[in-house]
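**Student:** My structure file start-v5.cif, mmCIF, C-alpha atoms, is below:
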data_final
#
loop_
_atom_site.group_PDB
_atom_site.id
_atom_site.type_symbol
_atom_site.label_atom_id
_atom_site.label_comp_id
_atom_site.auth_asym_id
_atom_site.auth_seq_id
_atom_site.Cartn_x
_atom_site.Cartn_y
_atom_site.Cartn_z
ATOM 1 C CA MET A 215 62.483 -3.127 -196.902
ATOM 2 C CA ASP A 216 61.856 -2.184 -193.324
ATOM 3 C CA PHE A 217 64.728 0.277 -193.345
ATOM 4 C CA LYS A 218 63.426 1.891 -196.516
ATOM 5 C CA GLN A 219 59.932 2.278 -195.105
ATOM 6 C CA SER A 220 61.200 3.985 -191.983
ATOM 7 C CA SER A 221 63.572 6.313 -193.832
ATOM 8 C CA THR A 222 60.942 7.497 -196.282
ATOM 9 C CA THR A 223 58.530 7.980 -193.407
ATOM 10 C CA PHE A 224 61.150 10.077 -191.639
ATOM 11 C CA LEU A 225 61.640 12.223 -194.745
ATOM 12 C CA LYS A 226 57.872 12.543 -195.088
ATOM 13 C CA VAL A 227 57.592 13.799 -191.514
ATOM 14 C CA ILE A 228 60.342 16.343 -192.235
ATOM 15 C CA ILE A 229 58.501 17.537 -195.349
ATOM 16 C CA PHE A 230 55.345 17.821 -193.292
ATOM 17 C CA LEU A 231 57.137 19.907 -190.647
ATOM 18 C CA ILE A 232 58.602 22.210 -193.290
ATOM 19 C CA GLY A 233 55.107 22.561 -194.734
ATOM 20 C CA ILE A 234 53.726 23.539 -191.334
ATOM 21 C CA ALA A 235 56.490 26.138 -190.979
ATOM 22 C CA VAL A 236 55.616 27.605 -194.392
ATOM 23 C CA LEU A 237 51.949 27.666 -193.427
ATOM 24 C CA ALA A 238 52.814 29.469 -190.186
ATOM 25 C CA VAL A 239 54.811 32.043 -192.139
ATOM 26 C CA CYS A 240 51.840 32.537 -194.479
ATOM 27 C CA ILE A 241 49.086 32.887 -191.923
ATOM 28 C CA TYR A 242 50.937 34.507 -189.053
ATOM 29 C CA LEU A 243 54.310 36.082 -189.853
ATOM 30 C CA LEU A 244 53.510 37.869 -193.109
ATOM 31 C CA PRO A 245 50.138 39.371 -192.045
ATOM 32 C CA GLU A 246 51.713 40.435 -188.765
ATOM 33 C CA ALA A 247 54.544 42.190 -190.618
ATOM 34 C CA ALA A 248 52.055 43.880 -192.916
ATOM 35 C CA ARG A 249 49.946 44.997 -189.954
ATOM 36 C CA ARG A 250 52.918 46.473 -188.142
ATOM 37 C CA ASP A 251 54.083 48.240 -191.282
ATOM 38 C CA ALA A 252 50.622 49.704 -191.807
ATOM 39 C CA ILE A 253 50.548 51.038 -188.230
ATOM 40 C CA GLU A 254 54.043 52.493 -188.484
ATOM 41 C CA ARG A 255 53.624 54.153 -191.850
ATOM 42 C CA PRO A 256 49.947 54.777 -192.631
ATOM 43 C CA GLY A 257 49.144 55.409 -196.281
ATOM 44 C CA ASP A 258 52.350 53.761 -197.472
ATOM 45 C CA TYR A 259 51.606 50.772 -199.689
ATOM 46 C CA SER A 260 55.167 50.051 -200.750
ATOM 47 C CA LEU A 261 55.238 46.734 -198.871
ATOM 48 C CA TYR A 262 52.420 45.156 -200.862
ATOM 49 C CA PRO A 263 54.372 44.047 -203.967
ATOM 50 C CA LEU A 264 56.885 42.380 -201.667
ATOM 51 C CA LEU A 265 54.022 40.611 -199.894
ATOM 52 C CA VAL A 266 52.754 39.345 -203.233
ATOM 53 C CA CYS A 267 56.231 37.988 -204.006
ATOM 54 C CA ALA A 268 56.489 36.357 -200.577
ATOM 55 C CA TYR A 269 53.113 34.633 -200.951
ATOM 56 C CA GLY A 270 54.034 33.525 -204.453
ATOM 57 C CA ILE A 271 57.245 31.957 -203.176
ATOM 58 C CA CYS A 272 55.371 30.252 -200.316
ATOM 59 C CA ILE A 273 52.733 28.789 -202.638
ATOM 60 C CA THR A 274 55.214 27.469 -205.208
ATOM 61 C CA PHE A 275 57.382 26.130 -202.396
ATOM 62 C CA SER A 276 54.450 24.170 -200.964
ATOM 63 C CA ALA A 277 53.648 22.828 -204.435
ATOM 64 C CA ALA A 278 57.248 21.576 -204.687
ATOM 65 C CA LEU A 279 56.945 20.048 -201.205
ATOM 66 C CA TYR A 280 53.836 18.178 -202.316
ATOM 67 C CA GLN A 281 55.704 16.823 -205.327
ATOM 68 C CA ILE A 282 58.560 15.645 -203.100
ATOM 69 C CA PHE A 283 55.973 13.911 -200.919
ATOM 70 C CA LYS A 284 54.619 12.187 -204.015
ATOM 71 C CA LEU A 285 58.144 11.141 -205.008
ATOM 72 C CA LEU A 286 58.658 9.590 -201.579
ATOM 73 C CA THR A 287 55.419 7.681 -202.031
ATOM 74 C CA TYR A 288 56.730 6.359 -205.359
ATOM 75 C CA ILE A 289 59.928 5.261 -203.635
ATOM 76 C CA GLU A 290 57.854 3.394 -201.064
ATOM 77 C CA LYS A 291 55.833 1.687 -203.777
ATOM 78 C CA ASN A 292 59.005 0.718 -205.622
ATOM 79 C CA ASN A 293 58.166 2.560 -208.815
ATOM 80 C CA VAL A 294 60.646 5.405 -208.774
ATOM 81 C CA PHE A 295 61.911 4.532 -212.204
ATOM 82 C CA SER A 296 58.735 5.519 -214.009
ATOM 83 C CA GLU A 297 57.247 8.349 -216.020
ATOM 84 C CA LEU A 298 55.403 9.521 -212.902
ATOM 85 C CA SER A 299 58.523 10.377 -210.967
ATOM 86 C CA LEU A 300 60.028 12.072 -214.004
ATOM 87 C CA GLN A 301 56.893 14.195 -214.174
ATOM 88 C CA SER A 302 57.054 15.218 -210.549
ATOM 89 C CA LEU A 303 60.754 16.023 -210.897
ATOM 90 C CA ASN A 304 59.759 18.233 -213.821
ATOM 91 C CA VAL A 305 57.164 19.990 -211.694
ATOM 92 C CA ILE A 306 59.768 20.523 -208.965
ATOM 93 C CA LYS A 307 62.083 22.064 -211.542
ATOM 94 C CA LYS A 308 59.346 24.389 -212.753
ATOM 95 C CA CYS A 309 58.541 25.370 -209.161
ATOM 96 C CA ALA A 310 62.198 26.241 -208.617
ATOM 97 C CA PHE A 311 62.173 28.397 -211.745
ATOM 98 C CA THR A 312 59.034 30.154 -210.480
ATOM 99 C CA VAL A 313 60.674 30.814 -207.111
ATOM 100 C CA ILE A 314 63.675 32.337 -208.911
ATOM 101 C CA PHE A 315 61.307 34.486 -210.940
ATOM 102 C CA PHE A 316 59.571 35.769 -207.794
ATOM 103 C CA ILE A 317 62.881 36.507 -206.080
ATOM 104 C CA LEU A 318 64.128 38.390 -209.132
ATOM 105 C CA ALA A 319 60.854 40.354 -209.276
ATOM 106 C CA ALA A 320 61.283 41.303 -205.618
ATOM 107 C CA ILE A 321 64.892 42.388 -206.249
ATOM 108 C CA VAL A 322 63.866 44.514 -209.239
ATOM 109 C CA TYR A 323 61.084 46.063 -207.183
ATOM 110 C CA LEU A 324 63.510 46.846 -204.348
ATOM 111 C CA ARG A 325 65.940 48.472 -206.783
ATOM 112 C CA VAL A 326 63.195 50.584 -208.364
ATOM 113 C CA HIS A 327 61.870 51.505 -204.947
ATOM 114 C CA ALA A 328 65.366 52.542 -203.864
ATOM 115 C CA GLN A 329 65.537 54.877 -206.870
ATOM 116 C CA PHE A 330 62.493 56.784 -205.619
ATOM 117 C CA THR A 331 63.031 56.837 -201.880
ATOM 118 C CA GLY A 332 66.802 56.887 -201.775
ATOM 119 C CA ASP A 333 67.262 54.200 -199.113
ATOM 120 C CA ASP A 334 69.420 51.363 -200.385
ATOM 121 C CA ALA A 335 68.257 47.838 -199.577
ATOM 122 C CA ALA A 336 71.593 46.037 -200.041
ATOM 123 C CA GLY A 337 70.930 43.457 -197.322
ATOM 124 C CA PRO A 338 67.648 42.027 -198.652
ATOM 125 C CA ILE A 339 69.006 42.108 -202.212
ATOM 126 C CA SER A 340 72.116 40.095 -201.324
ATOM 127 C CA LEU A 341 69.911 37.675 -199.396
ATOM 128 C CA GLY A 342 67.726 37.340 -202.471
ATOM 129 C CA LEU A 343 70.746 36.657 -204.680
ATOM 130 C CA MET A 344 71.822 33.912 -202.272
ATOM 131 C CA GLY A 345 68.320 32.474 -202.555
ATOM 132 C CA VAL A 346 68.635 32.517 -206.346
ATOM 133 C CA LEU A 347 71.940 30.646 -206.104
ATOM 134 C CA ALA A 348 70.496 28.027 -203.750
ATOM 135 C CA THR A 349 67.439 27.506 -205.951
ATOM 136 C CA SER A 350 69.547 27.131 -209.072
ATOM 137 C CA VAL A 351 71.648 24.518 -207.289
ATOM 138 C CA ILE A 352 68.389 22.635 -206.619
ATOM 139 C CA ILE A 353 67.455 22.925 -210.306
ATOM 140 C CA ALA A 354 70.833 21.512 -211.337
ATOM 141 C CA PHE A 355 70.457 18.696 -208.792
ATOM 142 C CA VAL A 356 67.013 17.772 -210.110
ATOM 143 C CA ALA A 357 68.331 17.845 -213.677
ATOM 144 C CA VAL A 358 71.214 15.567 -212.669
ATOM 145 C CA LEU A 359 68.727 13.177 -211.006
ATOM 146 C CA GLN A 360 66.436 13.163 -214.041
ATOM 147 C CA LYS A 361 69.135 12.006 -216.422
ATOM 148 C CA PRO A 362 69.792 8.523 -214.929
ATOM 149 C CA ILE A 363 66.058 7.863 -214.484
ATOM 150 C CA LYS A 364 65.520 8.669 -218.146
ATOM 151 C CA ASN A 365 68.413 6.390 -219.071
ATOM 152 C CA ILE A 366 66.909 3.484 -217.151
ATOM 153 C CA LEU A 367 63.470 4.123 -218.648
ATOM 154 C CA ASP A 368 64.954 4.131 -222.130
ATOM 155 C CA SER A 369 66.828 0.901 -221.572
ATOM 156 C CA GLN A 370 63.875 -1.007 -220.083
ATOM 157 C CA PRO A 371 61.282 -1.275 -222.896
ATOM 158 C CA LYS A 372 63.841 -2.927 -225.184
ATOM 159 C CA ASN A 373 63.830 -5.970 -222.976
ATOM 160 C CA ASN A 374 60.085 -6.185 -222.765
ATOM 161 C CA MET B 117 73.137 19.851 -221.088
ATOM 162 C CA LYS B 118 74.387 17.158 -218.764
ATOM 163 C CA ILE B 119 77.942 18.468 -218.761
ATOM 164 C CA ALA B 120 76.585 21.946 -218.070
ATOM 165 C CA THR B 121 74.498 20.858 -215.079
ATOM 166 C CA THR B 122 77.231 18.742 -213.542
ATOM 167 C CA LEU B 123 79.731 21.545 -214.111
ATOM 168 C CA PHE B 124 77.358 23.953 -212.416
ATOM 169 C CA MET B 125 76.985 21.546 -209.488
ATOM 170 C CA LYS B 126 80.759 21.223 -209.240
ATOM 171 C CA ILE B 127 81.129 24.990 -209.099
ATOM 172 C CA ALA B 128 78.361 25.101 -206.476
ATOM 173 C CA VAL B 129 80.198 22.485 -204.387
ATOM 174 C CA ILE B 130 83.336 24.632 -204.466
ATOM 175 C CA LEU B 131 81.293 27.733 -203.649
ATOM 176 C CA ILE B 132 79.839 25.927 -200.629
ATOM 177 C CA GLY B 133 83.302 24.918 -199.494
ATOM 178 C CA ILE B 134 84.745 28.452 -199.487
ATOM 179 C CA PRO B 135 82.422 30.109 -196.926
ATOM 180 C CA VAL B 136 82.846 27.173 -194.554
ATOM 181 C CA LEU B 137 86.621 27.571 -194.810
ATOM 182 C CA ALA B 138 86.219 31.285 -194.076
ATOM 183 C CA LEU B 139 84.013 30.452 -191.073
ATOM 184 C CA CYS B 140 86.627 27.984 -189.807
ATOM 185 C CA ILE B 141 89.452 30.519 -190.134
ATOM 186 C CA PHE B 142 87.773 33.695 -188.959
ATOM 187 C CA LEU B 143 84.627 32.967 -186.995
ATOM 188 C CA VAL B 144 85.428 29.845 -184.967
ATOM 189 C CA PRO B 145 88.392 31.268 -182.955
ATOM 190 C CA GLU B 146 86.416 34.393 -182.141
ATOM 191 C CA LEU B 147 83.355 32.371 -181.233
ATOM 192 C CA ALA B 148 85.421 30.130 -178.957
ATOM 193 C CA ASP B 149 87.022 33.138 -177.271
ATOM 194 C CA ALA B 150 83.673 34.835 -176.801
ATOM 195 C CA ALA B 151 82.057 31.701 -175.380
ATOM 196 C CA ALA B 152 84.979 31.076 -173.014
ATOM 197 C CA ASP B 153 84.858 34.661 -171.805
ATOM 198 C CA TYR B 154 81.105 34.611 -171.437
ATOM 199 C CA LEU B 155 80.959 31.396 -169.453
ATOM 200 C CA GLY B 156 84.183 32.109 -167.571
ATOM 201 C CA ILE B 157 85.557 28.625 -168.231
ATOM 202 C CA HIS B 158 88.773 28.700 -170.207
ATOM 203 C CA SER B 159 88.871 25.044 -171.242
ATOM 204 C CA ILE B 160 85.568 25.357 -173.104
ATOM 205 C CA LYS B 161 87.562 26.973 -175.896
ATOM 206 C CA TYR B 162 89.275 23.690 -176.727
ATOM 207 C CA ILE B 163 86.046 21.729 -176.620
ATOM 208 C CA ILE B 164 84.548 24.133 -179.144
ATOM 209 C CA PHE B 165 87.662 23.832 -181.322
ATOM 210 C CA ILE B 166 87.475 20.039 -181.276
ATOM 211 C CA LEU B 167 83.757 19.934 -182.037
ATOM 212 C CA LEU B 168 83.667 22.534 -184.806
ATOM 213 C CA TYR B 169 86.940 21.646 -186.550
ATOM 214 C CA GLY B 170 86.099 17.990 -186.095
ATOM 215 C CA GLY B 171 82.805 18.679 -187.840
ATOM 216 C CA ALA B 172 84.571 20.492 -190.671
ATOM 217 C CA PHE B 173 86.641 17.411 -191.635
ATOM 218 C CA PRO B 174 83.708 15.119 -192.484
ATOM 219 C CA PHE B 175 82.042 18.073 -194.190
ATOM 220 C CA TYR B 176 84.950 18.522 -196.590
ATOM 221 C CA PHE B 177 85.245 14.785 -197.089
ATOM 222 C CA ALA B 178 81.540 14.689 -198.028
ATOM 223 C CA LEU B 179 82.033 17.585 -200.440
ATOM 224 C CA TYR B 180 84.920 15.705 -202.031
ATOM 225 C CA GLN B 181 82.753 12.593 -202.363
ATOM 226 C CA THR B 182 80.012 14.692 -203.962
ATOM 227 C CA PHE B 183 82.575 15.998 -206.413
ATOM 228 C CA LYS B 184 83.616 12.442 -207.207
ATOM 229 C CA LEU B 185 79.980 11.422 -207.658
ATOM 230 C CA LEU B 186 79.480 14.262 -210.126
ATOM 231 C CA SER B 187 82.472 13.166 -212.151
ATOM 232 C CA TYR B 188 81.065 9.609 -212.205
ATOM 233 C CA ILE B 189 77.874 11.045 -213.667
ATOM 234 C CA ASP B 190 79.996 12.920 -216.208
ATOM 235 C CA LYS B 191 81.706 9.711 -217.222
ATOM 236 C CA ASN B 192 78.360 7.851 -217.462
ATOM 237 C CA ILE B 193 79.327 5.404 -214.745
ATOM 238 C CA ALA B 194 76.789 6.686 -212.212
ATOM 239 C CA PHE B 195 75.259 3.207 -211.943
ATOM 240 C CA SER B 196 78.215 1.451 -210.435
ATOM 241 C CA GLU B 197 79.459 0.215 -207.120
ATOM 242 C CA LEU B 198 81.747 3.253 -207.014
ATOM 243 C CA SER B 199 78.902 5.722 -206.671
ATOM 244 C CA VAL B 200 77.112 3.507 -204.150
ATOM 245 C CA ARG B 201 80.279 3.596 -202.083
ATOM 246 C CA ALA B 202 80.562 7.377 -202.453
ATOM 247 C CA LEU B 203 76.978 7.771 -201.252
ATOM 248 C CA MET B 204 77.703 5.488 -198.327
ATOM 249 C CA LYS B 205 80.677 7.650 -197.342
ATOM 250 C CA ILE B 206 78.514 10.769 -197.615
ATOM 251 C CA LYS B 207 76.001 9.093 -195.319
ATOM 252 C CA PHE B 208 78.638 8.289 -192.704
ATOM 253 C CA CYS B 209 79.998 11.831 -192.940
ATOM 254 C CA ALA B 210 76.535 13.265 -192.334
ATOM 255 C CA ILE B 211 76.024 10.943 -189.366
ATOM 256 C CA SER B 212 79.359 11.933 -187.823
ATOM 257 C CA ILE B 213 78.667 15.655 -188.297
ATOM 258 C CA CYS B 214 75.287 15.142 -186.677
ATOM 259 C CA SER B 215 76.698 13.297 -183.674
ATOM 260 C CA LEU B 216 79.536 15.808 -183.171
ATOM 261 C CA HIS B 217 77.118 18.710 -183.117
ATOM 262 C CA VAL B 218 74.760 16.829 -180.827
ATOM 263 C CA LEU B 219 77.709 16.547 -178.444
ATOM 264 C CA GLY B 220 77.972 20.326 -178.673
ATOM 265 C CA LEU B 221 74.375 20.868 -177.580
ATOM 266 C CA PRO B 222 75.186 21.100 -173.834
ATOM 267 C CA LEU B 223 77.329 24.150 -174.614
ATOM 268 C CA TYR B 224 74.330 25.845 -176.190
ATOM 269 C CA TYR B 225 72.396 24.876 -173.100
ATOM 270 C CA LEU B 226 74.998 26.473 -170.817
ATOM 271 C CA VAL B 227 74.983 29.726 -172.782
ATOM 272 C CA ALA B 228 71.177 29.695 -173.011
ATOM 273 C CA GLU B 229 70.927 29.167 -169.250
ATOM 274 C CA LYS B 230 73.164 32.124 -168.537
ATOM 275 C CA ASP B 231 71.596 34.313 -171.192
ATOM 276 C CA ASP B 232 68.049 33.233 -170.336
ATOM 277 C CA ALA B 233 67.337 32.620 -174.021
ATOM 278 C CA PRO B 234 65.653 29.241 -174.458
ATOM 279 C CA GLY B 235 65.461 29.754 -178.226
ATOM 280 C CA LEU B 236 69.215 29.244 -178.506
ATOM 281 C CA ILE B 237 68.862 25.483 -178.089
ATOM 282 C CA PHE B 238 66.795 25.361 -181.266
ATOM 283 C CA VAL B 239 69.488 27.292 -183.124
ATOM 284 C CA GLY B 240 71.961 24.666 -181.960
ATOM 285 C CA MET B 241 69.700 21.905 -183.218
ATOM 286 C CA ILE B 242 69.603 23.220 -186.800
ATOM 287 C CA ILE B 243 72.928 21.696 -187.914
ATOM 288 C CA PRO B 244 72.413 18.219 -186.390
ATOM 289 C CA PHE B 245 68.895 18.125 -187.763
ATOM 290 C CA ALA B 246 69.908 19.190 -191.264
ATOM 291 C CA SER B 247 72.733 16.657 -191.375
ATOM 292 C CA LEU B 248 70.400 13.949 -190.103
ATOM 293 C CA VAL B 249 67.981 14.722 -192.942
ATOM 294 C CA LEU B 250 70.897 14.611 -195.389
ATOM 295 C CA ALA B 251 72.023 11.266 -193.977
ATOM 296 C CA VAL B 252 68.581 9.748 -194.467
ATOM 297 C CA PHE B 253 68.362 11.239 -197.954
ATOM 298 C CA ALA B 254 71.758 9.773 -198.870
ATOM 299 C CA ALA B 255 70.642 6.411 -197.474
ATOM 300 C CA VAL B 256 67.494 6.435 -199.616
ATOM 301 C CA LEU B 257 69.488 7.423 -202.713
ATOM 302 C CA GLN B 258 72.004 4.685 -202.004
ATOM 303 C CA ARG B 259 69.215 2.136 -201.722
ATOM 304 C CA LEU B 260 67.635 3.315 -204.984
ATOM 305 C CA LEU B 261 70.971 3.232 -206.764
ATOM 306 C CA GLN B 262 71.567 -0.304 -205.571
ATOM 307 C CA GLU B 263 68.166 -1.318 -206.932
ATOM 308 C CA ALA B 264 68.897 0.401 -210.237
ATOM 309 C CA ILE B 265 72.188 -1.469 -210.512
ATOM 310 C CA ASN B 266 70.365 -4.726 -209.833
ATOM 311 C CA ILE B 267 67.788 -3.949 -212.538
ATOM 312 C CA LYS B 268 70.555 -3.058 -214.931
ATOM 313 C CA SER B 269 72.555 -6.196 -214.317
ATOM 314 C CA GLU B 270 69.403 -8.300 -214.774
ATOM 315 C CA ASN B 271 68.785 -6.523 -218.076
ATOM 316 C CA ASP B 272 72.321 -7.161 -219.167
ATOM 317 C CA LEU B 273 71.910 -10.830 -218.334
ATOM 318 C CA THR B 274 68.695 -11.157 -220.335
ATOM 319 C CA VAL B 275 70.253 -9.403 -223.327
#
Could you take the file, read its structure, and then write that structure out as structure tokens?

**Tutor:**
Amino acid sequence: MDFKQSSTTFLKVIIFLIGIAVLAVCIYLLPEAARRDAIERPGDYSLYPLLVCAYGICITFSAALYQIFKLLTYIEKNNVFSELSLQSLNVIKKCAFTVIFFILAAIVYLRVHAQFTGDDAAGPISLGLMGVLATSVIIAFVAVLQKPIKNILDSQPKNN
Amino acid sequence: MKIATTLFMKIAVILIGIPVLALCIFLVPELADAAADYLGIHSIKYIIFILLYGGAFPFYFALYQTFKLLSYIDKNIAFSELSVRALMKIKFCAISICSLHVLGLPLYYLVAEKDDAPGLIFVGMIIPFASLVLAVFAAVLQRLLQEAINIKSENDLTV
């Protein structure tokens, strides 16, 4: 039991740190980038849709982090195999889908923008595609995790 | 649905393996040469080889264990001692990768000292940190799986 407590606490601290990093990106990095862009190219608002996408990704990512935190709490309380954890896994899956949606929106916007201005943004687009791949791996992982939990839940009530 | 997700995960595991192989073949020799040249110590090359290639072995072993775990899930024998053992091996792999890369930290320090770039140490800490997190995650999963097996065997007994 002691080992379990410490390991979940460790994971919780990690989640917390990742959350702080996301918060720092939201309140420092992105506004700073927007400010610099506005100084460099006054009257050019082409960065704003990308900013919207970035904030959307950050918000859904933090929601997923919160759900993972909740899951860790369930593990601590020894009720992982319950409807609650299935629900939070579902929310994590939906968050991942939302992140994919935002990334795809940003890619489409970059493509359309490239049509008008002529500069090709191959680097950010390939980065975005990698992000899509990583997120879909997470979705598959969550789906794989959900299956055994559902199995156990189905097999339990029979005995009661 | 289940077959599709596990198949997707299997493909993802292979896709993860390929870039690491490419890094091992193309990037590591160049990196070792560059570091040896930069620091002016020739023998550092071999230390880098040992650390990075030594880290690649447990990585591939862990990928193989993940592959095995996915096929257990395919065969509906995820709740068995076999998968607990696979998770345990993944845990040990993650721990060994972590410790190998921690041993490599002084090299980052040397380069950072010469380059006057203190941020480099943090770059060097990414891999050990990530593998440490993975190790703890695998440990928690292993513990949960063990509990699930216990629940299941109790159920079987009562039935």

**Student:** Considering all atoms listed in the file, can you say which of A:Leu300, A:Cys272, A:Ala247, A:Thr222 comes closest to Ala235 of chain A?

**Tutor:**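 Using all atoms listed in the file, the shortest distance to Ala235 of chain A belongs to A:Cys272.
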
**Student:** List the residues selected by the PyMOL selection byres ((chain A) within 9 of (chain B)) in the file shown, writing them as a short mmCIF file (atom, residue, chain, number, x, y, z; two decimals) with C-alpha atoms, in the frame of the given file.

**Tutor:**
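What landed in selection_6.cif:
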data_model
loop_
_atom_site.label_atom_id
_atom_site.label_comp_id
_atom_site.auth_asym_id
_atom_site.auth_seq_id
_atom_site.Cartn_x
_atom_site.Cartn_y
_atom_site.Cartn_z
CA LYS A 218 63.43 1.89 -196.52
CA SER A 221 63.57 6.31 -193.83
CA THR A 222 60.94 7.50 -196.28
CA PHE A 224 61.15 10.08 -191.64
CA LEU A 225 61.64 12.22 -194.74
CA ILE A 228 60.34 16.34 -192.24
CA ILE A 289 59.93 5.26 -203.64
CA VAL A 294 60.65 5.40 -208.77
CA PHE A 295 61.91 4.53 -212.20
CA LEU A 347 71.94 30.65 -206.10
CA ALA A 348 70.50 28.03 -203.75
CA VAL A 351 71.65 24.52 -207.29
CA ILE A 353 67.46 22.92 -210.31
CA ALA A 354 70.83 21.51 -211.34
CA PHE A 355 70.46 18.70 -208.79
CA ALA A 357 68.33 17.84 -213.68
CA VAL A 358 71.21 15.57 -212.67
CA LYS A 361 69.14 12.01 -216.42
CA PRO A 362 69.79 8.52 -214.93
CA ILE A 366 66.91 3.48 -217.15
CA SER A 369 66.83 0.90 -221.57
CA GLN A 370 63.88 -1.01 -220.08
CA ASN A 373 63.83 -5.97 -222.98
#

**Student:** Between atom CA of Pro174 of chain B and atom CA of Val239 of chain B, what is the distance, to one decimal in Å?

**Tutor:**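 Spanning atom CA of Pro174 of chain B to atom CA of Val239 of chain B is a straight-line distance of 20.9 Å.
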
**Student:** In Å, how far is it from atom CA of Ile306 of chain A to atom CA of Ala278 of chain A?

**Tutor:**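 Separation of atom CA of Ile306 of chain A and atom CA of Ala278 of chain A: 5.1 Å.
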
**Student:** Find the nearest atom pair between each residue of segment 203-258 of chain B and segment 143-165 of chain B for residues within 12 Å, count all atoms listed in the file, give distances in Å to one decimal, sort rows by chain and ascending number, and present the table as a tab-separated table.

**Tutor:**
residue	atom	partner	partner_atom	distance
B:Leu216	CA	B:Ile164	CA	10.5
B:His217	CA	B:Ile164	CA	10.0
B:Leu219	CA	B:Ile163	CA	10.0
B:Gly220	CA	B:Ile164	CA	7.6
B:Leu221	CA	B:Ile164	CA	10.8
B:Pro222	CA	B:Ile164	CA	11.2
B:Leu223	CA	B:Ile160	CA	8.5
B:Tyr224	CA	B:Ala151	CA	9.7
B:Tyr225	CA	B:Leu155	CA	11.4
B:Leu226	CA	B:Leu155	CA	7.9
B:Val227	CA	B:Leu155	CA	7.0
B:Ala228	CA	B:Leu155	CA	10.5
B:Glu229	CA	B:Leu155	CA	10.3
B:Lys230	CA	B:Leu155	CA	7.9
B:Asp231	CA	B:Tyr154	CA	9.5

**Student:** On this structure, which residues satisfy the PyMOL selection byres ((chain B and resi 184) around 12), written as a VMD selection string?

**Tutor:** chain B and resid 122 125 to 126 129 177 to 183 185 to 191 193 to 194 198 to 203 205 to 206

**Student:** Convert the current residue selection to file output with C-alpha atoms, as an mmCIF file, keeping the file's coordinate frame.

**Tutor:**
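File written: selection.cif
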data_model
loop_
_atom_site.group_PDB
_atom_site.id
_atom_site.type_symbol
_atom_site.label_atom_id
_atom_site.label_comp_id
_atom_site.auth_asym_id
_atom_site.auth_seq_id
_atom_site.Cartn_x
_atom_site.Cartn_y
_atom_site.Cartn_z
ATOM 1 C CA THR B 122 77.231 18.742 -213.542
ATOM 2 C CA MET B 125 76.985 21.546 -209.488
ATOM 3 C CA LYS B 126 80.759 21.223 -209.240
ATOM 4 C CA VAL B 129 80.198 22.485 -204.387
ATOM 5 C CA PHE B 177 85.245 14.785 -197.089
ATOM 6 C CA ALA B 178 81.540 14.689 -198.028
ATOM 7 C CA LEU B 179 82.033 17.585 -200.440
ATOM 8 C CA TYR B 180 84.920 15.705 -202.031
ATOM 9 C CA GLN B 181 82.753 12.593 -202.363
ATOM 10 C CA THR B 182 80.012 14.692 -203.962
ATOM 11 C CA PHE B 183 82.575 15.998 -206.413
ATOM 12 C CA LEU B 185 79.980 11.422 -207.658
ATOM 13 C CA LEU B 186 79.480 14.262 -210.126
ATOM 14 C CA SER B 187 82.472 13.166 -212.151
ATOM 15 C CA TYR B 188 81.065 9.609 -212.205
ATOM 16 C CA ILE B 189 77.874 11.045 -213.667
ATOM 17 C CA ASP B 190 79.996 12.920 -216.208
ATOM 18 C CA LYS B 191 81.706 9.711 -217.222
ATOM 19 C CA ILE B 193 79.327 5.404 -214.745
ATOM 20 C CA ALA B 194 76.789 6.686 -212.212
ATOM 21 C CA LEU B 198 81.747 3.253 -207.014
ATOM 22 C CA SER B 199 78.902 5.722 -206.671
ATOM 23 C CA VAL B 200 77.112 3.507 -204.150
ATOM 24 C CA ARG B 201 80.279 3.596 -202.083
ATOM 25 C CA ALA B 202 80.562 7.377 -202.453
ATOM 26 C CA LEU B 203 76.978 7.771 -201.252
ATOM 27 C CA LYS B 205 80.677 7.650 -197.342
ATOM 28 C CA ILE B 206 78.514 10.769 -197.615
#

**Student:** What is the atom CA of Val326 of chain A to atom CA of Ile339 of chain A distance in Å?

**Tutor:**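 So the answer is 12.0 Å.
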
**Student:** Which centre and which edge lengths, in Å to one decimal, describe the axis-aligned box that holds all listed atoms of segment 130-134 of chain B after 3 Å is added on each side, as AutoDock Vina command-line options?

**Tutor:**
--center_x 82.3 --center_y 26.5 --center_z -202.0 --size_x 10.9 --size_y 9.8 --size_z 11.0

**Student:** For a quick check of understanding, using all atoms listed in the file, which of B:Ala254, B:Leu248, B:Ile237, B:Ile134 has the smallest distance to Cys214 of chain B?

**Tutor:** B:Leu248

**Student:** Got a sec: who's within 10 Å of Pro263 of chain A, counting all atoms listed in the file, leaving out chain neighbours fewer than 6 positions off, as a count of residues only?

**Tutor:** 5

**Student:** Extract, using all atoms listed in the file, all DNA, RNA and protein residues at most 9 Å from Leu261 of chain A, discarding same-chain residues fewer than 5 positions from it, and format them as a list in words.

**Tutor:**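 Using all atoms listed in the file, the neighbours found are Ala248, Asp251, Ala252 and Val266 of chain A.
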
**Student:** Now that the selection is made, can you save its residues with C-alpha atoms as a compact mmCIF listing (two decimals), in the coordinates of the input?

**Tutor:**
# COMPACT_ATOMS: atom_id res chain seq x y z
CA ALA A 248 52.06 43.88 -192.92
CA ASP A 251 54.08 48.24 -191.28
CA ALA A 252 50.62 49.70 -191.81
CA VAL A 266 52.75 39.34 -203.23

**Student:** Decode the PyMOL selection byres ((chain A and resi 303) around 12) for the given file into explicit residues and return them as a PyMOL selection string.

**Tutor:** chain A and resi 277-286+288+294-302+304-310+352-361+363-364

**Student:** Looking at A:Gly270, A:Gly342, A:Gly332, A:Gly233, which one is nearest to Val313 of chain A, with distances taken over only C-alpha atoms?

**Tutor:**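 Of the candidates, the smallest distance to Val313 of chain A is held by A:Gly270.
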